[in-house]
file run12.cif (mmCIF, C-alpha atoms (C1' of nucleotides))
data_my_file
loop_
_atom_site.label_atom_id
_atom_site.label_comp_id
_atom_site.auth_asym_id
_atom_site.auth_seq_id
_atom_site.Cartn_x
_atom_site.Cartn_y
_atom_site.Cartn_z
CA MET A 1 -26.46 -45.70 3.71
CA VAL A 2 -22.95 -44.42 4.19
CA ARG A 3 -22.15 -42.59 7.37
CA TRP A 4 -20.03 -39.83 5.84
CA LEU A 5 -17.75 -37.84 8.10
CA THR A 6 -19.07 -34.79 9.90
CA ASP A 7 -17.24 -31.49 9.50
CA ASP A 8 -15.27 -31.99 12.71
CA GLU A 9 -14.37 -35.54 11.79
CA GLN A 10 -13.43 -34.49 8.27
CA ARG A 11 -11.25 -31.69 9.56
CA THR A 12 -9.38 -34.08 11.85
CA TRP A 13 -8.93 -36.76 9.24
CA ARG A 14 -7.77 -34.34 6.54
CA ALA A 15 -5.01 -33.18 8.85
CA PHE A 16 -4.14 -36.45 10.54
CA GLY A 17 -3.82 -38.52 7.36
CA PRO A 18 -1.07 -36.36 5.89
CA VAL A 19 0.61 -36.08 9.29
CA MET A 20 1.02 -39.84 9.49
CA ARG A 21 2.55 -39.95 6.03
CA LEU A 22 4.84 -36.96 6.42
CA LEU A 23 6.01 -37.81 9.92
CA THR A 24 6.83 -41.40 9.07
CA HIS A 25 8.70 -40.19 6.04
CA ARG A 26 10.73 -37.57 7.94
CA LEU A 27 11.74 -39.97 10.71
CA ASP A 28 12.80 -42.55 8.16
CA ARG A 29 14.82 -40.02 6.18
CA ASP A 30 16.61 -38.77 9.27
CA LEU A 31 17.45 -42.25 10.45
CA ARG A 32 18.67 -43.38 7.04
CA SER A 33 21.03 -40.47 6.71
CA ALA A 34 22.30 -40.74 10.28
CA ALA A 35 22.52 -44.49 10.67
CA GLY A 36 22.29 -45.94 7.17
CA MET A 37 19.27 -48.04 8.02
CA PRO A 38 15.53 -47.70 7.45
CA ILE A 39 13.41 -47.05 10.51
CA THR A 40 11.78 -50.45 10.12
CA TYR A 41 15.14 -52.16 10.61
CA TYR A 42 15.90 -49.89 13.53
CA GLU A 43 12.75 -51.14 15.22
CA LEU A 44 13.84 -54.74 14.73
CA LEU A 45 17.17 -53.99 16.36
CA VAL A 46 15.43 -52.26 19.28
CA MET A 47 13.20 -55.28 19.75
CA LEU A 48 16.20 -57.61 19.83
CA SER A 49 18.18 -55.35 22.13
CA GLU A 50 15.41 -55.52 24.73
CA ALA A 51 15.01 -59.29 24.53
CA PRO A 52 16.77 -61.69 26.92
CA ALA A 53 20.24 -62.50 25.62
CA ARG A 54 19.51 -60.08 22.75
CA THR A 55 17.87 -63.07 21.11
CA LEU A 56 14.46 -63.82 19.62
CA ARG A 57 13.06 -66.55 17.46
CA MET A 58 12.10 -65.47 13.96
CA SER A 59 8.46 -66.13 14.70
CA GLU A 60 8.54 -64.07 17.91
CA LEU A 61 10.19 -61.21 16.06
CA ALA A 62 7.44 -61.43 13.46
CA GLN A 63 4.73 -61.47 16.11
CA TYR A 64 6.06 -58.59 18.20
CA THR A 65 6.56 -56.34 15.18
CA ASP A 66 3.25 -57.36 13.64
CA SER A 67 4.84 -58.47 10.41
CA SER A 68 4.87 -61.51 8.17
CA PRO A 69 7.38 -64.34 8.45
CA SER A 70 8.42 -63.47 4.94
CA ARG A 71 9.34 -59.92 5.86
CA ILE A 72 11.36 -61.05 8.88
CA SER A 73 13.21 -63.59 6.81
CA HIS A 74 14.23 -60.97 4.25
CA ALA A 75 15.00 -58.31 6.83
CA VAL A 76 17.11 -60.55 9.06
CA GLY A 77 18.96 -61.64 5.93
CA LYS A 78 19.84 -58.05 5.21
CA LEU A 79 20.77 -57.31 8.82
CA GLU A 80 22.99 -60.37 8.76
CA GLU A 81 24.81 -59.05 5.70
CA SER A 82 25.45 -55.83 7.63
CA GLY A 83 26.84 -57.86 10.51
CA TRP A 84 24.29 -56.52 12.98
CA VAL A 85 22.43 -59.78 13.51
CA ARG A 86 23.42 -63.41 13.25
CA ARG A 87 21.29 -66.52 12.93
CA GLU A 88 21.64 -69.59 15.09
CA HIS A 89 19.83 -72.88 15.03
CA CYS A 90 17.13 -73.19 17.66
CA ALA A 91 17.97 -75.88 20.21
CA GLY A 92 15.18 -78.43 20.51
CA ASP A 93 13.31 -77.41 17.39
CA ARG A 94 15.20 -77.96 14.20
CA ARG A 95 12.67 -75.94 12.22
CA GLY A 96 13.38 -72.79 14.16
CA TRP A 97 16.05 -70.10 13.98
CA LEU A 98 17.16 -67.56 16.49
CA ALA A 99 18.02 -64.01 15.51
CA ILE A 100 20.74 -62.63 17.75
CA LEU A 101 21.83 -59.01 17.96
CA THR A 102 25.62 -58.89 17.56
CA ASP A 103 27.96 -56.50 19.36
CA ASP A 104 28.26 -54.54 16.13
CA GLY A 105 24.49 -54.40 15.95
CA LEU A 106 24.21 -53.08 19.47
CA ALA A 107 26.89 -50.51 18.72
CA ALA A 108 25.07 -49.38 15.58
CA LEU A 109 21.87 -49.09 17.56
CA LYS A 110 23.51 -47.04 20.31
CA ALA A 111 25.09 -44.81 17.71
CA ALA A 112 21.74 -44.23 16.01
CA ALA A 113 19.62 -43.69 19.11
CA PRO A 114 20.53 -40.07 19.94
CA THR A 115 19.85 -38.88 16.40
CA HIS A 116 16.59 -40.75 16.33
CA VAL A 117 15.44 -39.27 19.62
CA GLU A 118 16.33 -35.79 18.40
CA SER A 119 14.33 -36.50 15.28
CA VAL A 120 11.30 -37.63 17.25
CA ARG A 121 11.60 -34.50 19.37
CA ALA A 122 12.01 -32.15 16.42
CA HIS A 123 9.09 -33.49 14.39
CA LEU A 124 6.70 -34.50 17.16
CA ILE A 125 7.33 -34.10 20.88
CA ASP A 126 8.77 -30.60 21.01
CA LEU A 127 5.94 -29.31 18.84
CA LEU A 128 3.27 -30.24 21.36
CA THR A 129 2.36 -28.98 24.83
CA PRO A 130 2.66 -31.42 27.75
CA ARG A 131 -1.13 -31.49 27.76
CA GLN A 132 -1.26 -32.46 24.10
CA ILE A 133 1.39 -35.12 24.62
CA ARG A 134 -0.80 -36.70 27.26
CA GLN A 135 -3.87 -36.42 25.04
CA LEU A 136 -2.05 -38.03 22.12
CA GLY A 137 -0.92 -40.82 24.41
CA GLU A 138 -4.46 -41.55 25.50
CA ILE A 139 -5.77 -41.39 21.95
CA SER A 140 -3.04 -43.75 20.76
CA GLU A 141 -3.75 -46.23 23.50
CA ALA A 142 -7.45 -46.21 22.65
CA LEU A 143 -6.59 -46.91 19.03
CA MET A 144 -4.04 -49.58 19.91
CA ALA A 145 -6.66 -51.44 21.91
CA HIS A 146 -8.53 -51.88 18.65
CA LEU A 147 -5.62 -52.23 16.24
CA SER A 148 -3.22 -54.45 18.09
CA PRO A 149 -5.32 -57.61 18.58
CA ASP A 150 -6.56 -59.02 15.30
CA SER A 151 -9.53 -57.20 13.90
CA GLU A 152 -9.06 -58.33 10.36
CA THR A 153 -12.03 -56.74 8.67
CA ALA A 154 -13.14 -53.13 8.51
CA THR A 155 -16.88 -53.36 8.72
CA GLU A 156 -17.79 -56.59 10.48
CA PRO A 157 -18.89 -56.25 14.13
CA MET B 1 24.03 -34.23 25.73
CA VAL B 2 20.99 -36.04 24.43
CA ARG B 3 17.60 -34.92 25.65
CA TRP B 4 16.08 -38.37 26.13
CA LEU B 5 12.34 -38.68 26.36
CA THR B 6 10.62 -38.28 29.73
CA ASP B 7 8.30 -41.04 30.93
CA ASP B 8 5.21 -39.25 29.63
CA GLU B 9 6.84 -38.56 26.28
CA GLN B 10 8.10 -42.12 26.03
CA ARG B 11 4.67 -43.50 26.83
CA THR B 12 3.08 -41.42 24.09
CA TRP B 13 5.70 -42.23 21.50
CA ARG B 14 5.69 -45.96 22.25
CA ALA B 15 1.96 -46.03 21.56
CA PHE B 16 1.77 -43.49 18.75
CA GLY B 17 4.57 -44.96 16.63
CA PRO B 18 2.90 -48.36 16.26
CA VAL B 19 -0.49 -46.69 15.75
CA MET B 20 0.80 -44.85 12.69
CA ARG B 21 2.17 -48.03 11.23
CA LEU B 22 -0.82 -50.25 12.00
CA LEU B 23 -3.46 -47.74 11.00
CA THR B 24 -1.82 -46.93 7.67
CA HIS B 25 -1.50 -50.62 7.01
CA ARG B 26 -5.14 -51.40 7.85
CA LEU B 27 -6.53 -48.59 5.71
CA ASP B 28 -4.38 -49.66 2.81
CA ARG B 29 -5.41 -53.29 3.15
CA ASP B 30 -9.11 -52.41 3.27
CA LEU B 31 -8.86 -50.17 0.23
CA ARG B 32 -6.86 -52.69 -1.78
CA SER B 33 -9.37 -55.43 -1.18
CA ALA B 34 -12.37 -53.19 -1.83
CA ALA B 35 -11.12 -51.13 -4.74
CA GLY B 36 -8.06 -52.91 -6.04
CA MET B 37 -5.83 -49.91 -5.53
CA PRO B 38 -3.30 -48.82 -2.91
CA ILE B 39 -4.29 -45.92 -0.70
CA THR B 40 -1.55 -43.81 -2.24
CA TYR B 41 -3.20 -44.08 -5.65
CA TYR B 42 -6.58 -43.38 -4.13
CA GLU B 43 -5.21 -40.10 -2.83
CA LEU B 44 -4.00 -39.15 -6.29
CA LEU B 45 -7.46 -39.81 -7.72
CA VAL B 46 -9.06 -37.72 -4.95
CA MET B 47 -6.70 -34.87 -5.72
CA LEU B 48 -7.56 -35.00 -9.40
CA SER B 49 -11.29 -35.29 -8.75
CA GLU B 50 -11.23 -32.05 -6.77
CA ALA B 51 -9.21 -30.13 -9.36
CA PRO B 52 -10.84 -27.95 -12.04
CA ALA B 53 -11.76 -30.05 -15.07
CA ARG B 54 -10.45 -33.06 -13.08
CA THR B 55 -7.07 -32.06 -14.44
CA LEU B 56 -3.67 -31.26 -12.98
CA ARG B 57 -0.19 -30.87 -14.36
CA MET B 58 2.23 -33.57 -13.31
CA SER B 59 4.26 -31.06 -11.33
CA GLU B 60 1.19 -29.75 -9.50
CA LEU B 61 0.17 -33.29 -8.63
CA ALA B 62 3.67 -33.88 -7.28
CA GLN B 63 3.60 -30.69 -5.24
CA TYR B 64 0.15 -31.20 -3.72
CA THR B 65 0.87 -34.77 -2.70
CA ASP B 66 4.35 -33.93 -1.47
CA SER B 67 6.01 -36.46 -3.71
CA SER B 68 8.78 -36.62 -6.27
CA PRO B 69 8.27 -36.11 -10.02
CA SER B 70 9.55 -39.62 -10.46
CA ARG B 71 6.86 -41.11 -8.25
CA ILE B 72 4.13 -39.22 -10.06
CA SER B 73 5.45 -40.33 -13.41
CA HIS B 74 5.46 -43.98 -12.41
CA ALA B 75 2.11 -43.76 -10.62
CA VAL B 76 0.29 -41.94 -13.42
CA GLY B 77 1.70 -44.52 -15.80
CA LYS B 78 0.07 -47.25 -13.74
CA LEU B 79 -3.21 -45.37 -13.38
CA GLU B 80 -3.20 -44.87 -17.14
CA GLU B 81 -2.85 -48.63 -17.66
CA SER B 82 -5.91 -49.07 -15.45
CA GLY B 83 -7.81 -46.57 -17.59
CA TRP B 84 -8.43 -44.26 -14.62
CA VAL B 85 -6.26 -41.39 -15.81
CA ARG B 86 -5.13 -40.20 -19.21
CA ARG B 87 -2.27 -37.94 -20.20
CA GLU B 88 -2.60 -34.96 -22.50
CA HIS B 89 -0.01 -32.55 -23.81
CA CYS B 90 0.05 -29.24 -21.98
CA ALA B 91 -0.99 -26.37 -24.26
CA GLY B 92 1.61 -23.62 -24.31
CA ASP B 93 4.42 -25.59 -22.73
CA ARG B 94 5.57 -28.54 -24.74
CA ARG B 95 7.56 -29.88 -21.78
CA GLY B 96 4.50 -30.32 -19.66
CA TRP B 97 1.82 -33.00 -19.37
CA LEU B 98 -1.65 -32.92 -17.89
CA ALA B 99 -3.03 -35.82 -15.88
CA ILE B 100 -6.80 -36.07 -16.37
CA LEU B 101 -9.18 -38.21 -14.34
CA THR B 102 -11.28 -40.27 -16.74
CA ASP B 103 -14.95 -41.17 -16.29
CA ASP B 104 -13.85 -44.67 -15.39
CA GLY B 105 -11.47 -43.19 -12.84
CA LEU B 106 -14.21 -41.12 -11.27
CA ALA B 107 -16.47 -44.15 -11.19
CA ALA B 108 -13.77 -46.22 -9.49
CA LEU B 109 -13.26 -43.45 -6.98
CA LYS B 110 -16.97 -43.19 -6.20
CA ALA B 111 -17.20 -46.93 -5.83
CA ALA B 112 -14.28 -46.98 -3.42
CA ALA B 113 -15.27 -43.98 -1.29
CA PRO B 114 -17.95 -45.58 0.93
CA THR B 115 -15.73 -48.50 1.87
CA HIS B 116 -12.86 -46.18 2.59
CA VAL B 117 -14.97 -43.94 4.83
CA GLU B 118 -16.22 -46.99 6.71
CA SER B 119 -12.64 -48.08 7.13
CA VAL B 120 -11.58 -44.70 8.51
CA ARG B 121 -14.54 -44.82 10.88
CA ALA B 122 -13.88 -48.38 12.03
CA HIS B 123 -10.17 -47.93 12.72
CA LEU B 124 -10.08 -44.32 13.86
CA ILE B 125 -13.08 -42.02 14.15
CA ASP B 126 -15.58 -44.31 15.84
CA LEU B 127 -12.98 -45.33 18.42
CA LEU B 128 -12.61 -41.80 19.78
CA THR B 129 -14.86 -39.46 21.70
CA PRO B 130 -15.88 -36.18 20.02
CA ARG B 131 -13.55 -34.47 22.45
CA GLN B 132 -10.63 -36.67 21.40
CA ILE B 133 -11.43 -36.11 17.74
CA ARG B 134 -11.14 -32.38 18.29
CA GLN B 135 -7.91 -32.83 20.25
CA LEU B 136 -6.40 -35.01 17.53
CA GLY B 137 -7.38 -32.38 14.97
CA GLU B 138 -5.60 -29.65 16.89
CA ILE B 139 -2.54 -31.81 17.44
CA SER B 140 -2.41 -32.71 13.75
CA GLU B 141 -2.66 -29.11 12.69
CA ALA B 142 0.14 -28.13 15.03
CA LEU B 143 2.31 -30.86 13.52
CA MET B 144 1.33 -29.97 9.96
CA ALA B 145 2.45 -26.39 10.52
CA HIS B 146 5.93 -27.79 11.05
CA LEU B 147 5.88 -30.68 8.60
CA SER B 148 4.15 -29.25 5.57
CA PRO B 149 6.49 -26.38 4.62
CA ASP B 150 10.01 -27.59 3.97
CA SER B 151 11.99 -28.21 7.10
CA GLU B 152 14.48 -30.56 5.57
CA THR B 153 16.76 -31.30 8.47
CA ALA B 154 16.00 -32.70 11.89
CA THR B 155 18.35 -30.81 14.12
CA GLU B 156 19.34 -27.59 12.38
CA PRO B 157 17.63 -24.42 13.63
"C1'" DC C 1 20.45 -15.09 -32.74
"C1'" DC C 2 22.99 -18.31 -29.68
"C1'" DT C 3 24.33 -20.02 -25.52
"C1'" DC C 4 23.41 -21.96 -21.20
"C1'" DA C 5 21.24 -22.53 -16.92
"C1'" DA C 6 16.73 -23.64 -15.15
"C1'" DT C 7 12.56 -26.34 -15.58
"C1'" DA C 8 9.40 -30.57 -16.80
"C1'" DG C 9 9.17 -35.14 -17.14
"C1'" DT C 10 10.87 -39.94 -17.99
"C1'" DT C 11 13.73 -43.94 -17.29
"C1'" DG C 12 16.32 -47.67 -14.93
"C1'" DA C 13 18.37 -49.90 -11.08
"C1'" DG C 14 17.80 -51.10 -6.57
"C1'" DC C 15 15.21 -51.43 -1.94
"C1'" DG C 16 11.79 -53.15 1.32
"C1'" DC C 17 7.42 -55.23 1.43
"C1'" DT C 18 3.64 -58.64 0.14
"C1'" DG C 19 1.29 -63.03 -0.94
"C1'" DA C 20 1.62 -67.50 -2.45
"C1'" DA C 21 4.09 -71.60 -3.00
"C1'" DA C 22 7.56 -74.69 -1.44
"C1'" DC C 23 10.14 -77.24 1.96
"C1'" DA C 24 11.42 -79.04 6.36
"C1'" DT C 25 10.24 -80.49 10.86
"C1'" DC C 26 7.19 -81.51 14.62
"C1'" DA C 27 3.26 -83.67 17.14
"C1'" DC C 28 -0.54 -86.42 17.58
"C1'" DG C 29 -3.88 -90.01 16.73
"C1'" DA C 30 -4.75 -94.50 14.30
"C1'" DT D 1 5.04 -96.98 13.81
"C1'" DC D 2 3.19 -94.38 10.37
"C1'" DG D 3 0.84 -91.14 8.26
"C1'" DT D 4 -1.15 -86.50 8.40
"C1'" DG D 5 -2.07 -82.06 9.46
"C1'" DA D 6 0.02 -78.15 11.80
"C1'" DT D 7 4.01 -75.18 12.39
"C1'" DG D 8 8.45 -72.50 11.18
"C1'" DT D 9 10.99 -70.60 7.67
"C1'" DT D 10 12.57 -69.57 3.07
"C1'" DT D 11 12.05 -68.45 -1.81
"C1'" DC D 12 10.13 -66.15 -5.83
"C1'" DA D 13 7.65 -62.87 -8.45
"C1'" DG D 14 5.72 -58.57 -8.43
"C1'" DC D 15 4.53 -53.81 -6.48
"C1'" DG D 16 5.36 -48.98 -5.20
"C1'" DC D 17 8.95 -46.04 -3.91
"C1'" DT D 18 13.62 -43.56 -4.16
"C1'" DC D 19 17.67 -41.72 -6.16
"C1'" DA D 20 20.46 -40.70 -9.88
"C1'" DA D 21 20.97 -40.18 -14.63
"C1'" DC D 22 19.04 -38.59 -18.89
"C1'" DT D 23 16.12 -36.06 -22.61
"C1'" DA D 24 13.56 -32.25 -24.06
"C1'" DT D 25 11.93 -27.57 -23.78
"C1'" DT D 26 11.97 -22.87 -22.06
"C1'" DG D 27 13.70 -18.34 -21.18
"C1'" DA D 28 17.11 -14.82 -20.00
"C1'" DG D 29 21.70 -12.50 -21.17
"C1'" DG D 30 25.53 -11.54 -24.23
#
call {"tool": "encode", "arguments": {"input": "run12.cif", "output": "structure tokens"}}
result
Amino acid sequence: MVRWLTDDEQRTWRAFGPVMRLLTHRLDRDLRSAAGMPITYYELLVMLSEAPARTLRMSELAQYTDSSPSRISHAVGKLEESGWVRREHCAGDRRGWLAILTDDGLAALKAAAPTHVESVRAHLIDLLTPRQIRQLGEISEALMAHLSPDSETATEP
Amino acid sequence: MVRWLTDDEQRTWRAFGPVMRLLTHRLDRDLRSAAGMPITYYELLVMLSEAPARTLRMSELAQYTDSSPSRISHAVGKLEESGWVRREHCAGDRRGWLAILTDDGLAALKAAAPTHVESVRAHLIDLLTPRQIRQLGEISEALMAHLSPDSETATEP
DNA sequence: CCTCAATAGTTGAGCGCTGAAACATCACGA
DNA sequence: TCGTGATGTTTCAGCGCTCAACTATTGAGG
């Protein structure tokens, strides 16, 4: 008793699936060549840059970016090697570490931002009408409402 | 002279970016746990299953899935180890190889399909109104028109 | 023929991610 | 005070991908 996709649904999914893959890939490529960092690291730097004192605990960084502690540990290690982030012991909890965006990190971020915005425009925003941009926003927010909490399984109610 | 995003554009992008990441991740997770294969391999099997004689040349497989020869070579190697695909020499061109979906591969695909469809429904289709599904289809096709040929650079005209 | 560029595919090193195991520290109840 | 389970982070092995060689075959021109 599988509810297969209708023609309309199929048509949408067959276009949207590849779009997700190709778009992600293009944005990553552009950012790597312009800023020497993968888009996933860029997002970590953005998150830190918007935090108070450009500082977040490892676990907060993991939570806000919806990623595992393991990933954050590796990624912050790499960003530290690049000099864009430094670690500091967390006052009052000796288990914890703070990730702090350095001045170099902020500079790298500011240098990368214009290229990234142009990339987002070229491959997404400028290709859509204002109406479609609004529609995509509403669609995305509807999906986020489901995706962002923690619905772990696909089929369970 | 950077054309930063307007509020509407920003709002859409700030929701849509995470949606792409989360949705891809969820679908991959569901498929891995249900079928023991990453979604990227699933797509290769689908492509083969729809080809005449369930057969494609390596280079065709690379072209249709928009991926590098290297990736296909590695991936088909893995799929071969799983017994889902076999290689055969290409008649008439001794450089070439054919990738052929085996009966086991087809069976694995058919076993995985229902779960995958349910997953696509649960995380995407069933969350949208028919109107939004049509809108997302149109948006995706507009983006594909730009992404699918070969616009290599972000900013060049 | 013979050369030589173009084409088809493979290989190996390195990257970012994952999941599981390990380790350290905290917090709370006996 | 002392476990004892929960919490925060790191480490390790393994996966799929990319890029840059590298090998092998084809095909067109001299």
call {"tool": "resolve_selection", "arguments": {"input": "run12.cif", "expression": "the PyMOL selection byres ((chain C and resi 8-14) around 9)", "output": "VMD selection string"}}
result
(chain B and resid 58 to 59 69 to 70 73 to 74 95 to 97) or (chain C and resid 7 15) or (chain D and resid 18 21 to 25)
call {"tool": "resolve_selection", "arguments": {"input": "run12.cif", "expression": "the PyMOL selection byres ((chain C) within 7 of (chain A))", "output": "PyMOL selection string"}}
result
chain C and resi 17+24-25
call {"tool": "closest_atom_pairs", "arguments": {"input": "run12.cif", "of": "chain D", "to": "chain A", "cutoff": "8 Å", "atoms": "only C-alpha atoms (C1' of nucleotides)", "output": "tab-separated table"}}
result
residue	atom	partner	partner_atom	distance
D:DG8	C1'	A:Arg95	CA	5.5
D:DT9	C1'	A:Arg95	CA	7.2
D:DT10	C1'	A:Ser73	CA	7.1
call {"tool": "calpha_fit_and_write", "arguments": {"input": "run12.cif", "fixed": "chain B", "moving": "chain A", "output": "short mmCIF file (atom, residue, chain, number, x, y, z; two decimals) with C-alpha atoms, in the frame of the given file"}}
result
data_model
loop_
_atom_site.label_atom_id
_atom_site.label_comp_id
_atom_site.auth_asym_id
_atom_site.auth_seq_id
_atom_site.Cartn_x
_atom_site.Cartn_y
_atom_site.Cartn_z
CA MET A 1 24.04 -34.10 25.59
CA VAL A 2 21.01 -35.93 24.31
CA ARG A 3 17.63 -34.83 25.52
CA TRP A 4 16.13 -38.29 26.02
CA LEU A 5 12.37 -38.61 26.28
CA THR A 6 10.67 -38.21 29.63
CA ASP A 7 8.37 -40.96 30.85
CA ASP A 8 5.27 -39.19 29.56
CA GLU A 9 6.87 -38.50 26.21
CA GLN A 10 8.15 -42.06 25.98
CA ARG A 11 4.74 -43.46 26.79
CA THR A 12 3.13 -41.39 24.04
CA TRP A 13 5.73 -42.19 21.45
CA ARG A 14 5.74 -45.92 22.19
CA ALA A 15 2.02 -46.00 21.52
CA PHE A 16 1.80 -43.49 18.70
CA GLY A 17 4.60 -44.97 16.58
CA PRO A 18 2.93 -48.36 16.23
CA VAL A 19 -0.46 -46.71 15.72
CA MET A 20 0.80 -44.86 12.67
CA ARG A 21 2.19 -48.06 11.19
CA LEU A 22 -0.78 -50.27 11.97
CA LEU A 23 -3.43 -47.76 10.97
CA THR A 24 -1.81 -46.96 7.65
CA HIS A 25 -1.49 -50.65 6.99
CA ARG A 26 -5.13 -51.44 7.84
CA LEU A 27 -6.53 -48.62 5.70
CA ASP A 28 -4.38 -49.70 2.79
CA ARG A 29 -5.42 -53.33 3.13
CA ASP A 30 -9.10 -52.45 3.25
CA LEU A 31 -8.87 -50.20 0.23
CA ARG A 32 -6.88 -52.71 -1.80
CA SER A 33 -9.39 -55.46 -1.21
CA ALA A 34 -12.40 -53.22 -1.83
CA ALA A 35 -11.15 -51.15 -4.74
CA GLY A 36 -8.07 -52.94 -6.07
CA MET A 37 -5.86 -49.92 -5.57
CA PRO A 38 -3.34 -48.86 -2.93
CA ILE A 39 -4.33 -45.97 -0.71
CA THR A 40 -1.59 -43.84 -2.23
CA TYR A 41 -3.23 -44.11 -5.65
CA TYR A 42 -6.60 -43.40 -4.12
CA GLU A 43 -5.23 -40.13 -2.80
CA LEU A 44 -4.01 -39.17 -6.26
CA LEU A 45 -7.45 -39.80 -7.69
CA VAL A 46 -9.06 -37.72 -4.93
CA MET A 47 -6.68 -34.88 -5.68
CA LEU A 48 -7.55 -34.98 -9.37
CA SER A 49 -11.27 -35.27 -8.71
CA GLU A 50 -11.20 -32.03 -6.73
CA ALA A 51 -9.18 -30.11 -9.31
CA PRO A 52 -10.78 -27.91 -11.99
CA ALA A 53 -11.70 -30.01 -15.01
CA ARG A 54 -10.43 -33.03 -13.05
CA THR A 55 -7.04 -32.04 -14.40
CA LEU A 56 -3.63 -31.27 -12.90
CA ARG A 57 -0.16 -30.89 -14.28
CA MET A 58 2.26 -33.62 -13.24
CA SER A 59 4.29 -31.13 -11.27
CA GLU A 60 1.23 -29.80 -9.41
CA LEU A 61 0.19 -33.34 -8.56
CA ALA A 62 3.68 -33.95 -7.23
CA GLN A 63 3.62 -30.76 -5.18
CA TYR A 64 0.17 -31.23 -3.66
CA THR A 65 0.87 -34.82 -2.65
CA ASP A 66 4.36 -34.00 -1.42
CA SER A 67 5.99 -36.55 -3.66
CA SER A 68 8.77 -36.72 -6.21
CA PRO A 69 8.28 -36.20 -9.94
CA SER A 70 9.57 -39.71 -10.37
CA ARG A 71 6.85 -41.21 -8.21
CA ILE A 72 4.12 -39.28 -10.03
CA SER A 73 5.45 -40.37 -13.37
CA HIS A 74 5.36 -44.04 -12.37
CA ALA A 75 2.03 -43.79 -10.59
CA VAL A 76 0.25 -41.94 -13.39
CA GLY A 77 1.64 -44.54 -15.78
CA LYS A 78 0.01 -47.26 -13.75
CA LEU A 79 -3.26 -45.35 -13.39
CA GLU A 80 -3.25 -44.85 -17.14
CA GLU A 81 -2.93 -48.59 -17.69
CA SER A 82 -6.00 -49.05 -15.48
CA GLY A 83 -7.86 -46.50 -17.58
CA TRP A 84 -8.50 -44.20 -14.63
CA VAL A 85 -6.28 -41.36 -15.79
CA ARG A 86 -5.13 -40.17 -19.18
CA ARG A 87 -2.26 -37.92 -20.15
CA GLU A 88 -2.55 -34.93 -22.43
CA HIS A 89 0.04 -32.53 -23.71
CA CYS A 90 0.11 -29.22 -21.88
CA ALA A 91 -0.91 -26.35 -24.15
CA GLY A 92 1.72 -23.62 -24.20
CA ASP A 93 4.47 -25.63 -22.57
CA ARG A 94 5.65 -28.57 -24.58
CA ARG A 95 7.62 -29.93 -21.64
CA GLY A 96 4.53 -30.37 -19.53
CA TRP A 97 1.84 -33.03 -19.28
CA LEU A 98 -1.60 -32.92 -17.82
CA ALA A 99 -3.04 -35.81 -15.84
CA ILE A 100 -6.78 -36.03 -16.33
CA LEU A 101 -9.17 -38.16 -14.31
CA THR A 102 -11.29 -40.19 -16.75
CA ASP A 103 -14.95 -41.08 -16.28
CA ASP A 104 -13.87 -44.60 -15.38
CA GLY A 105 -11.50 -43.14 -12.83
CA LEU A 106 -14.22 -41.05 -11.26
CA ALA A 107 -16.49 -44.08 -11.18
CA ALA A 108 -13.81 -46.18 -9.50
CA LEU A 109 -13.27 -43.43 -6.96
CA LYS A 110 -16.98 -43.13 -6.19
CA ALA A 111 -17.21 -46.88 -5.85
CA ALA A 112 -14.29 -46.96 -3.42
CA ALA A 113 -15.26 -43.98 -1.28
CA PRO A 114 -17.95 -45.58 0.93
CA THR A 115 -15.72 -48.51 1.86
CA HIS A 116 -12.86 -46.19 2.59
CA VAL A 117 -14.96 -43.97 4.82
CA GLU A 118 -16.23 -47.01 6.70
CA SER A 119 -12.64 -48.09 7.12
CA VAL A 120 -11.58 -44.72 8.48
CA ARG A 121 -14.52 -44.84 10.87
CA ALA A 122 -13.86 -48.39 12.02
CA HIS A 123 -10.15 -47.95 12.70
CA LEU A 124 -10.06 -44.32 13.82
CA ILE A 125 -13.06 -42.03 14.13
CA ASP A 126 -15.56 -44.32 15.82
CA LEU A 127 -12.96 -45.33 18.39
CA LEU A 128 -12.57 -41.81 19.73
CA THR A 129 -14.84 -39.45 21.66
CA PRO A 130 -15.88 -36.19 19.97
CA ARG A 131 -13.53 -34.47 22.40
CA GLN A 132 -10.62 -36.66 21.34
CA ILE A 133 -11.43 -36.11 17.68
CA ARG A 134 -11.13 -32.39 18.23
CA GLN A 135 -7.90 -32.82 20.20
CA LEU A 136 -6.40 -35.00 17.47
CA GLY A 137 -7.38 -32.40 14.90
CA GLU A 138 -5.60 -29.66 16.80
CA ILE A 139 -2.54 -31.80 17.37
CA SER A 140 -2.40 -32.72 13.68
CA GLU A 141 -2.68 -29.12 12.60
CA ALA A 142 0.14 -28.13 14.94
CA LEU A 143 2.30 -30.86 13.44
CA MET A 144 1.32 -29.99 9.88
CA ALA A 145 2.43 -26.42 10.43
CA HIS A 146 5.91 -27.80 10.95
CA LEU A 147 5.86 -30.71 8.51
CA SER A 148 4.14 -29.28 5.49
CA PRO A 149 6.49 -26.41 4.56
CA ASP A 150 10.02 -27.60 3.94
CA SER A 151 11.97 -28.24 7.08
CA GLU A 152 14.50 -30.52 5.53
CA THR A 153 16.74 -31.26 8.46
CA ALA A 154 15.95 -32.70 11.87
CA THR A 155 18.21 -30.77 14.17
CA GLU A 156 19.02 -27.44 12.55
CA PRO A 157 17.15 -24.41 13.94
#
call {"tool": "closest_residue", "arguments": {"input": "run12.cif", "among": "A:Ala51, A:Lys110, A:His25, A:Leu79", "to": "Met37 (chain A)", "atoms": "only C-alpha atoms"}}
result
A:Leu79
call {"tool": "resolve_selection", "arguments": {"input": "run12.cif", "expression": "the PyMOL selection byres ((chain B and resi 104) around 12)", "output": "ChimeraX atom specification"}}
result
/B:45,49,79-86,100-103,105-111
